[in-house]
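final28.txt follows (compact mmCIF, C-alpha atoms):
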```txt
# COMPACT_ATOMS: atom_id res chain seq x y z
CA MET A 27 -23.57 60.07 -18.69
CA ALA A 28 -24.85 58.00 -21.53
CA GLY A 29 -28.52 58.12 -22.49
CA ALA A 30 -31.10 55.37 -22.17
CA HIS A 31 -30.67 52.07 -24.02
CA SER A 32 -33.50 49.71 -24.79
CA ASP A 33 -31.10 46.74 -24.77
CA PRO A 34 -28.92 46.91 -21.64
CA LEU A 35 -26.23 44.85 -23.37
CA THR A 36 -25.59 47.73 -25.80
CA HIS A 37 -24.87 50.17 -22.97
CA PRO A 38 -21.40 51.80 -23.31
CA GLU A 39 -20.27 50.40 -19.94
CA VAL A 40 -21.05 46.87 -21.11
CA ALA A 41 -19.45 47.49 -24.50
CA GLN A 42 -16.22 48.92 -23.09
CA GLY A 43 -14.89 45.56 -21.80
CA GLY A 44 -12.51 43.61 -24.00
CA VAL A 45 -10.53 40.38 -23.81
CA LEU A 46 -7.22 41.97 -24.82
CA ARG A 47 -7.66 44.84 -22.38
CA TYR A 48 -8.31 42.58 -19.37
CA ILE A 49 -5.48 40.20 -20.25
CA ALA A 50 -3.16 43.20 -20.70
CA GLY A 51 -4.29 44.43 -17.26
CA PHE A 52 -3.45 41.06 -15.70
CA ILE A 53 -0.04 40.79 -17.39
CA SER A 54 1.04 44.38 -16.74
CA THR A 55 0.06 44.37 -13.05
CA THR A 56 1.65 40.96 -12.47
CA ALA A 57 4.86 42.02 -14.26
CA LEU A 58 5.10 45.28 -12.28
CA MET A 59 4.54 43.48 -8.98
CA GLY A 60 7.10 40.85 -10.04
CA ALA A 61 9.63 43.62 -10.72
CA ALA A 62 8.90 45.15 -7.30
CA LEU A 63 9.39 41.72 -5.72
CA VAL A 64 12.81 41.35 -7.38
CA VAL A 65 13.83 44.81 -6.10
CA THR A 66 12.64 43.82 -2.60
CA LEU A 67 14.49 40.51 -2.56
CA ARG A 68 17.76 42.05 -3.81
CA HIS A 69 17.75 44.58 -0.93
CA ASP A 70 20.87 46.33 -2.30
CA GLN A 71 19.73 49.97 -2.41
CA PRO A 72 19.54 52.63 0.29
CA TYR A 73 16.10 52.64 1.96
CA GLU A 74 14.97 55.91 0.30
CA THR A 75 15.94 54.64 -3.17
CA TYR A 76 14.18 51.37 -2.50
CA LEU A 77 11.00 53.21 -1.39
CA GLY A 78 11.07 55.34 -4.54
CA LEU A 79 11.56 52.32 -6.82
CA VAL A 80 8.87 50.14 -5.26
CA GLY A 81 6.49 53.09 -4.87
CA GLY A 82 6.97 53.99 -8.54
CA LEU A 83 6.28 50.42 -9.67
CA ALA A 84 3.17 50.29 -7.45
CA LEU A 85 1.93 53.59 -8.90
CA LEU A 86 2.38 52.23 -12.43
CA ALA A 87 0.45 49.08 -11.44
CA LEU A 88 -2.42 51.21 -10.07
CA VAL A 89 -2.52 53.38 -13.21
CA SER A 90 -2.51 50.23 -15.32
CA GLN A 91 -5.49 48.90 -13.35
CA ALA A 92 -7.35 52.21 -13.65
CA VAL A 93 -6.97 52.24 -17.42
CA LEU A 94 -7.13 48.54 -18.31
CA TYR A 95 -9.46 47.10 -15.66
CA TYR A 96 -11.76 50.01 -14.74
CA GLY A 97 -11.55 51.52 -18.25
CA LEU A 98 -11.25 55.07 -16.89
CA ASP A 99 -10.82 57.72 -19.55
CA ILE A 100 -12.39 61.01 -20.59
CA SER A 101 -15.13 59.50 -22.76
CA ARG A 102 -18.73 60.61 -22.13
CA SER A 103 -19.58 57.44 -20.20
CA GLN A 104 -16.48 57.51 -17.96
CA ILE A 105 -15.59 61.17 -17.47
CA TRP A 106 -17.36 61.60 -14.10
CA LYS A 107 -15.75 58.50 -12.65
CA SER A 108 -12.34 59.81 -13.73
CA VAL A 109 -13.08 63.26 -12.27
CA ALA A 110 -14.33 61.75 -8.98
CA LEU A 111 -11.15 59.67 -8.69
CA MET A 112 -8.91 62.66 -9.43
CA LEU A 113 -10.70 64.69 -6.74
CA THR A 114 -10.41 61.86 -4.20
CA MET A 115 -6.72 61.12 -4.81
CA PRO A 116 -5.51 64.15 -2.78
CA LEU A 117 -7.61 62.91 0.15
CA PHE A 118 -5.76 59.57 0.12
CA ILE A 119 -2.40 61.33 0.05
CA ILE A 120 -3.35 63.88 2.72
CA THR A 121 -4.77 61.22 5.05
CA VAL A 122 -1.73 58.95 4.99
CA GLY A 123 0.85 61.72 4.52
CA LEU A 124 -0.34 63.97 7.33
CA THR A 125 -0.83 61.07 9.73
CA VAL A 126 2.70 59.75 9.12
CA TRP A 127 4.16 63.27 9.30
CA MET A 128 2.37 64.08 12.58
CA PHE A 129 3.40 60.86 14.26
CA GLN A 130 6.97 61.13 12.94
CA SER A 131 7.15 64.53 14.59
CA LEU A 132 5.64 63.15 17.79
CA ASP A 133 7.95 60.15 17.63
CA GLN A 134 11.08 62.31 17.43
CA ARG A 135 10.06 64.77 20.14
CA THR A 136 8.26 62.82 22.82
CA MET A 137 8.89 59.10 22.55
CA LEU A 138 11.98 57.37 23.80
CA MET A 139 12.74 54.69 21.26
CA PRO A 140 14.80 51.62 22.11
CA GLN A 141 18.18 51.35 20.42
CA THR A 142 17.46 47.87 19.11
CA MET A 143 15.71 48.96 15.90
CA GLU A 144 17.17 46.93 13.08
CA GLN A 145 14.75 47.85 10.35
CA PRO A 146 13.71 51.33 9.21
CA THR A 147 10.02 52.08 8.88
CA LEU A 148 8.09 54.99 7.41
CA LEU A 149 8.18 56.77 10.77
CA GLN A 150 11.98 56.78 10.92
CA MET B 19 -56.78 90.86 -12.79
CA ALA B 20 -55.61 87.36 -13.73
CA GLU B 21 -52.70 85.96 -11.75
CA GLN B 22 -49.61 85.36 -13.82
CA ALA B 23 -47.43 82.35 -13.09
CA ALA B 24 -43.76 83.10 -12.55
CA PRO B 25 -41.56 82.19 -15.51
CA GLY B 26 -40.50 78.55 -15.26
CA ALA B 27 -43.06 77.73 -12.53
CA GLN B 28 -44.40 74.81 -14.53
CA ALA B 29 -41.00 73.41 -15.36
CA ARG B 30 -39.97 70.15 -13.71
CA LEU B 31 -36.41 69.50 -12.75
CA PHE B 32 -36.65 65.72 -12.90
CA TYR B 33 -38.96 63.37 -14.76
CA PRO B 34 -39.14 59.91 -13.18
CA GLY B 35 -38.89 57.31 -15.89
CA TYR B 36 -37.71 59.80 -18.54
CA ALA B 37 -36.19 57.85 -21.38
CA GLY B 38 -33.14 60.12 -21.51
CA HIS B 39 -31.98 58.96 -18.06
CA SER B 40 -29.80 55.89 -18.08
CA GLN B 41 -30.46 53.64 -15.07
CA ILE B 42 -27.22 51.75 -15.67
CA SER B 43 -25.02 54.89 -15.83
CA GLY B 44 -26.67 56.35 -12.72
CA ARG B 45 -26.22 53.16 -10.74
CA THR B 46 -22.59 52.60 -11.75
CA LEU B 47 -21.61 56.20 -11.00
CA GLY B 48 -23.33 56.00 -7.60
CA PHE B 49 -21.56 52.75 -6.79
CA TRP B 50 -18.24 54.18 -7.95
CA LEU B 51 -18.66 57.06 -5.46
CA TYR B 52 -19.43 54.52 -2.73
CA MET B 53 -16.24 52.64 -3.61
CA LEU B 54 -14.17 55.82 -3.34
CA SER B 55 -15.53 56.28 0.19
CA ASP B 56 -14.68 52.64 0.89
CA ALA B 57 -11.15 53.37 -0.35
CA LEU B 58 -10.93 56.13 2.28
CA LEU B 59 -11.70 53.51 4.93
CA PHE B 60 -8.66 51.56 3.73
CA THR B 61 -6.64 54.79 3.64
CA ALA B 62 -7.35 55.27 7.36
CA LEU B 63 -6.25 51.68 8.02
CA PHE B 64 -3.03 52.23 6.04
CA ALA B 65 -2.35 55.40 8.03
CA ALA B 66 -2.86 53.50 11.30
CA TYR B 67 -0.60 50.70 10.05
CA ALA B 68 2.17 53.19 9.16
CA VAL B 69 1.99 54.68 12.65
CA LEU B 70 1.97 51.34 14.48
CA ASP B 71 4.66 49.68 12.36
CA THR B 72 7.52 50.29 14.80
CA PRO B 73 9.42 47.97 17.14
CA MET B 74 8.03 49.91 20.12
CA ASN B 75 4.45 49.21 19.03
CA ALA B 76 5.36 45.56 18.48
CA ALA B 77 5.79 45.46 22.29
CA GLY B 78 8.29 42.61 22.18
CA GLY B 79 6.17 40.66 19.72
CA PRO B 80 6.91 40.03 16.05
CA VAL B 81 7.44 42.90 13.58
CA ALA B 82 6.49 42.93 9.91
CA SER B 83 9.68 41.31 8.64
CA GLN B 84 9.03 38.29 10.90
CA ILE B 85 5.45 37.60 9.82
CA VAL B 86 5.21 38.47 6.12
CA ASN B 87 6.64 36.58 3.19
CA PRO B 88 6.84 38.66 -0.02
CA ILE B 89 7.15 35.57 -2.24
CA GLU B 90 3.96 34.01 -0.85
CA GLY B 91 2.34 37.45 -1.11
CA PHE B 92 3.27 37.54 -4.79
CA TRP B 93 1.40 34.28 -5.43
CA GLN B 94 -1.61 35.75 -3.62
CA THR B 95 -1.32 38.76 -5.94
CA VAL B 96 -1.31 36.51 -9.01
CA VAL B 97 -4.34 34.59 -7.71
CA ILE B 98 -6.45 37.68 -6.94
CA LEU B 99 -5.56 39.26 -10.28
CA GLY B 100 -6.54 35.97 -11.93
CA SER B 101 -9.88 36.07 -10.12
CA VAL B 102 -10.55 39.66 -11.23
CA THR B 103 -9.56 38.82 -14.80
CA SER B 104 -11.83 35.76 -14.81
CA TYR B 105 -14.86 37.83 -13.73
CA SER B 106 -13.98 40.64 -16.14
CA LEU B 107 -13.66 38.20 -19.07
CA GLY B 108 -17.05 36.81 -18.07
CA THR B 109 -18.55 40.25 -18.56
CA VAL B 110 -17.01 40.33 -22.05
CA ALA B 111 -19.04 37.19 -22.83
CA MET B 112 -22.10 39.07 -21.52
CA LYS B 113 -21.72 41.61 -24.35
CA SER B 114 -22.93 39.02 -26.82
CA GLY B 115 -25.53 37.63 -24.42
CA HIS B 116 -23.62 34.40 -23.59
CA ARG B 117 -24.90 33.38 -20.17
CA ALA B 118 -22.64 30.33 -20.02
CA GLY B 119 -19.50 32.42 -20.62
CA LEU B 120 -20.43 34.79 -17.80
CA VAL B 121 -21.33 31.95 -15.44
CA TRP B 122 -17.99 30.22 -16.06
CA GLY B 123 -16.17 33.51 -15.54
CA ILE B 124 -17.92 34.02 -12.20
CA LEU B 125 -17.26 30.43 -11.11
CA GLY B 126 -13.55 30.83 -11.96
CA ALA B 127 -13.47 34.09 -9.99
CA ILE B 128 -15.08 32.42 -6.95
CA LEU B 129 -12.68 29.47 -7.07
CA LEU B 130 -9.59 31.72 -7.22
CA ALA B 131 -11.01 33.98 -4.50
CA ILE B 132 -11.35 30.94 -2.22
CA VAL B 133 -7.71 30.02 -2.93
CA PHE B 134 -6.69 33.59 -2.08
CA LEU B 135 -8.63 33.54 1.17
CA GLY B 136 -7.13 30.14 1.98
CA PHE B 137 -3.63 31.67 1.81
CA GLY B 138 -4.67 34.62 3.97
CA PHE B 139 -6.57 32.72 6.65
CA GLY B 140 -3.80 30.08 6.75
CA ASP B 141 -1.29 32.82 7.58
CA LEU B 142 -3.54 34.33 10.25
CA ALA B 143 -4.22 30.92 11.81
CA ALA B 144 -0.46 30.22 11.97
CA LEU B 145 0.11 33.60 13.64
CA ALA B 146 -2.64 32.95 16.18
CA ALA B 147 -1.18 29.49 16.91
CA HIS B 148 2.16 31.16 17.73
CA GLY B 149 0.54 33.59 20.14
CA ALA B 150 0.66 36.51 17.68
CA GLY B 151 -3.08 37.20 17.73
CA ILE B 152 -4.91 40.47 17.13
CA SER B 153 -4.48 41.67 20.74
CA ARG B 154 -0.78 40.77 21.13
CA SER B 155 0.48 44.26 20.23
CA GLY B 156 -0.51 47.52 18.58
CA TYR B 157 1.36 46.52 15.44
CA LEU B 158 -0.39 43.15 15.20
CA SER B 159 -3.78 44.79 15.78
CA ALA B 160 -3.15 47.06 12.78
CA TYR B 161 -1.92 44.12 10.68
CA TRP B 162 -4.86 41.84 11.52
CA VAL B 163 -7.47 44.56 11.01
CA LEU B 164 -6.03 45.55 7.63
CA ILE B 165 -5.85 41.96 6.35
CA LEU B 166 -9.26 40.99 7.81
CA THR B 167 -11.00 44.09 6.42
CA HIS B 168 -9.83 43.15 2.95
CA ALA B 169 -10.79 39.50 3.52
CA VAL B 170 -14.31 40.53 4.64
CA HIS B 171 -14.69 42.51 1.41
CA MET B 172 -13.64 39.40 -0.51
CA VAL B 173 -16.17 37.23 1.34
CA PHE B 174 -18.98 39.68 0.58
CA GLY B 175 -17.85 39.74 -3.05
CA ILE B 176 -18.16 35.95 -3.23
CA LEU B 177 -21.65 36.10 -1.68
CA TRP B 178 -22.64 38.79 -4.18
CA MET B 179 -21.40 36.60 -7.04
CA LEU B 180 -23.48 33.66 -5.79
CA VAL B 181 -26.57 35.90 -5.71
CA MET B 182 -25.82 37.13 -9.22
CA LEU B 183 -25.47 33.55 -10.50
CA ALA B 184 -29.04 32.91 -9.33
CA GLN B 185 -30.29 36.19 -10.85
CA ILE B 186 -28.64 35.50 -14.22
CA VAL B 187 -30.38 32.13 -14.41
CA ARG B 188 -33.78 33.41 -13.18
CA LEU B 189 -33.98 36.90 -14.70
CA GLY B 190 -31.54 36.89 -17.61
CA PHE B 191 -29.83 40.09 -18.74
CA ASN B 192 -32.42 42.73 -17.84
CA GLU B 193 -31.39 46.30 -17.02
CA MET B 194 -31.19 45.79 -13.25
CA VAL B 195 -29.19 42.56 -13.49
CA VAL B 196 -26.73 44.12 -15.95
CA ALA B 197 -26.26 47.17 -13.69
CA ARG B 198 -25.58 44.89 -10.70
CA LEU B 199 -23.11 42.82 -12.72
CA LEU B 200 -21.25 45.98 -13.75
CA ASN B 201 -21.15 47.21 -10.15
CA LEU B 202 -19.87 43.83 -9.02
CA ARG B 203 -17.14 43.99 -11.68
CA MET B 204 -15.99 47.35 -10.26
CA PHE B 205 -16.20 46.03 -6.70
CA TRP B 206 -14.15 42.97 -7.59
CA GLN B 207 -11.52 44.98 -9.49
CA PHE B 208 -11.34 47.26 -6.46
CA GLN B 209 -10.33 44.29 -4.29
CA ALA B 210 -7.29 43.71 -6.52
CA THR B 211 -6.41 47.41 -6.33
CA VAL B 212 -6.55 47.37 -2.54
CA TRP B 213 -4.51 44.16 -2.46
CA VAL B 214 -1.75 45.71 -4.61
CA CYS B 215 -1.51 48.48 -1.97
CA VAL B 216 -1.49 45.94 0.87
CA TYR B 217 1.14 43.82 -0.87
CA VAL B 218 3.49 46.74 -1.52
CA TYR B 219 2.93 48.46 1.84
CA VAL B 220 2.91 45.45 4.15
CA TYR B 221 4.59 42.56 2.35
CA MET B 222 7.35 44.42 0.47
CA ILE B 223 8.22 47.54 2.44
CA GLY B 224 7.64 45.56 5.66
CA ALA B 225 9.97 42.76 4.54
```
Hey, can you dump this file as structure tokens for me?
Amino acid sequence: MAGAHSDPLTHPEVAQGGVLRYIAGFISTTALMGAALVVTLRHDQPYETYLGLVGGLALLALVSQAVLYYGLDISRSQIWKSVALMLTMPLFIITVGLTVWMFQSLDQRTMLMPQTMEQPTLLQ
Amino acid sequence: MAEQAAPGAQARLFYPGYAGHSQISGRTLGFWLYMLSDALLFTALFAAYAVLDTPMNAAGGPVASQIVNPIEGFWQTVVILGSVTSYSLGTVAMKSGHRAGLVWGILGAILLAIVFLGFGFGDLAALAAHGAGISRSGYLSAYWVLILTHAVHMVFGILWMLVMLAQIVRLGFNEMVVARLLNLRMFWQFQATVWVCVYVYVYMIGA
């Protein structure tokens, strides 16, 4: 963590913001979401390929936000935020991943599903 | 025989008000940890949504592909990113002590946030008018709760911005106000991060 500053406006967390960085964050996230939208509207890939493509674009958008909006890096003023995020990421993945996996297993073994399903979901 | 103090007995672990401690860094790190726990709340909602997003849980009611529009969702994404960028650019003006620049940035962020919420509440009102309310099916319960939880965060963010506008005018850029403005910047950027997840998970994969 950074030391004390007599003028709060000179604090590293205030100084880290920048016009170019925030505009780059806006443009990159919008462009990545636009690309994901085009992939979604074309609907011409197998479901697994589509999930991989859109998931990859979303991951890039999130990384872009982490770097350009939040300003996460390994500098002295940001290192503990970056470490906390890295330690929390597995919890996100475990929470959603295990829940979907458990219910997919339950779904296949105990639930009678109607034959009218037209659209695949994460459980199928 | 004189009693000898144990080595280090006089040492203090923490000095309140010690100049080496940075109030701003401590507050922003603490708030960041709170936001990570808030993100876990959304993770639980996403997990519930994934489980309930099946035709069986729609119970004869609408499924995702019938209630979400990825093109409209994209415009919502642009608007919320615009709001976050407006606030963030305002904090760049703060670096040089420009109150007016920060105030305009916050006002722009509030305006765009209201537009975003208008889209969202318009969609929910249309669903409710068609009988697809929060209690219609398990799937719709998950959908409504996810969207409303994000919307409630947005509403509190707007209220926080209004409070900060008053504090900027009354107190100026003192240490506490600057720390709150930095925390609000993280909170507001976090709303865009959550929305990107909602957009991809619900509006794209669901479509």
Taking all atoms listed in the file into account, report as number ranges by chain which residues of chain B lie within 7 Å of chain A.
B: 37-40, 43, 47, 50, 58, 61-62, 64-65, 68-69, 71-74, 88, 96, 99, 103, 106-107, 110, 113, 192-193, 196, 204, 207, 211, 218, 222
Output as JSON the centre and edge lengths (Å, one decimal) of the box along x, y and z of the file that holds every listed atom of range 37-41 of chain A after adding 8 Å on each side.
```
{"center_x": -22.2, "center_y": 49.3, "center_z": -22.2, "size_x": 21.4, "size_y": 20.9, "size_z": 20.6}
```
Skip Arg45 in chain B itself and residues of its chain fewer than 6 positions away, then list as a ChimeraX atom specification all residues within 9 Å of it, counting all atoms listed in the file.
/B:197-198,201
Coordinates-based distance that separates CA of Ala210 in chain B from CA of Met179 in chain B (Å, one decimal)
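Interatomic distance, CA of Met179 in chain B to CA of Ala210 in chain B: 15.8 Å.
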Would you work out the distance separating CA of Phe208 in chain B from CA of Val220 in chain B, expressed in Å to one decimal?
17.9 Å
Computed interatomic separation between CA of Gly44 in chain B and CA of Ala118 in chain B (Å)
27.3 Å
Might you pull out every residue within 6 Å of Gly108 in chain B, with only C-alpha atoms counted and same-chain residues fewer than 2 positions away left off, and present them as a list in words?
Tyr105, Ser106, Val110, Ala111, Gly119, Leu120 and Gly123 of chain B
